[in-house]
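Asker: Attaching a single structure in C-alpha cells format; questions to follow.
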Amino acid sequence: MIKKGDWVQVETVVLSPEKRTANIPDDTKHVPLKMWVKGRLQNESAELGDEVSVITRTNRLVSGTLCAVNPSYSHSFGDFIPELQQVDDMVKSIVFGGEKDEG
C-alpha cells in the first residue's frame with residue numbers, strides 16, 4: 001500500500017494524438033504526448049495505476065496515473081558514438097592548439 005507523503009511518479013497525457021500538430025513525424029503524431037512528474041502523494045493511500053495527486057518539489061499540485069514508487073533519477077545522452085569522439089578531439093585541437101586531454 002502506497003501512503004500519503006510517499007515519493008511517487010505520475011504519468012499524465014498532455015496532448016492526445018488528434019490534438020498534436022501535423023508537423024511532426026508520423027510515428028510521433030499517432031501517440032499521445034506524455035509527461036512524467038515526481039512528487040509527494042496527496043491521497044491517503046493508493047495503488048499503482050490509480051489516479052492520484054502529488055505535490056512537486058516546486059509546490060505544484062499535479063494529477064495523473066500513479067506509475068512508480070520511490071522513482072530514481074536516470075539520465076542518458078544515448079550510446080557512445082566514435083565519430084563524435086573524433087569531432088571532440090578535432091575541436092579541442094583547434095581551440096586549445098594541440099593534443100590536450102580535456103576530459
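Chain identifiers are assigned as A, B, and so on, following the order in which chains appear in the C-alpha cells; residues are numbered from 1 within each chain, and ligands are numbered from 1 in order of appearance.
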Neighbours of Thr58 (chain A) within 12 Å (only C-alpha atoms; same-chain residues fewer than 5 positions away dropped), as a PyMOL selection string?

Answerer: chain A and resi 37-40

Asker: Okay, now the selection with C-alpha atoms, as a PDB file, in the first residue's frame?

Answerer:
```
ATOM      1  CA  VAL A  37       6.166  14.138 -12.724  1.00  0.00           C
ATOM      2  CA  LYS A  38       7.612  13.195  -9.336  1.00  0.00           C
ATOM      3  CA  GLY A  39       6.242  14.386  -6.031  1.00  0.00           C
ATOM      4  CA  ARG A  40       4.718  13.544  -2.651  1.00  0.00           C
TER       5      ARG A  40
END
```

Asker: For Val10 (chain A), work out the shell of residues within 8 Å, counting only C-alpha atoms and skipping chain neighbours fewer than 2 positions away, then give it as JSON, numbers by chain.

Answerer: {"A": [8, 12, 36, 37, 38, 52, 54, 63, 64, 65, 66, 67, 68]}

Asker: Just the number, please: distance in Å from CA of Lys34 (chain A) to CA of Ala22 (chain A), one decimal.

Answerer: 17.1 Å

Asker: Could you go through chain A and tell me which residues DSSP, when run on the backbone, assigns to alpha helix (DSSP H), listing them as a VMD selection string?

Answerer: chain A and resid 26 to 29 82 to 96

Asker: Tell me, in Å to one decimal, how far CA of Asn59 (chain A) is from CA of Ala46 (chain A).

Answerer: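 For CA of Asn59 (chain A) relative to CA of Ala46 (chain A), the distance reads 20.4 Å.
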
Asker: Show which residues sit within 7 Å of Glu47 (chain A), as a compact mmCIF listing (two decimals) with all heavy atoms, in the first residue's frame. Count only C-alpha atoms, and ignore same-chain residues fewer than 3 positions away.

Answerer:
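Result file follows (out-v8.txt):
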```txt
# COMPACT_ATOMS: atom_id res chain seq x y z
N MET A 1 0.84 -1.18 0.00
CA MET A 1 0.00 0.00 0.00
C MET A 1 0.89 1.25 0.00
O MET A 1 1.80 1.37 0.80
CB MET A 1 -0.91 -0.02 1.22
CG MET A 1 -1.84 1.17 1.35
SD MET A 1 -3.10 1.37 0.08
CE MET A 1 -4.08 -0.08 0.29
N ILE A 2 0.60 2.15 -0.90
CA ILE A 2 1.34 3.40 -1.01
C ILE A 2 0.56 4.44 -0.21
O ILE A 2 -0.65 4.55 -0.35
CB ILE A 2 1.47 3.80 -2.48
CG1 ILE A 2 2.07 2.64 -3.28
CG2 ILE A 2 2.32 5.06 -2.62
CD1 ILE A 2 1.75 2.66 -4.73
N ASP A 50 -3.67 3.89 -10.05
CA ASP A 50 -4.72 4.78 -9.55
C ASP A 50 -4.49 6.22 -10.04
O ASP A 50 -3.35 6.64 -10.24
CB ASP A 50 -4.75 4.80 -8.02
CG ASP A 50 -5.29 3.53 -7.41
OD1 ASP A 50 -5.77 2.66 -8.15
OD2 ASP A 50 -5.21 3.41 -6.16
```
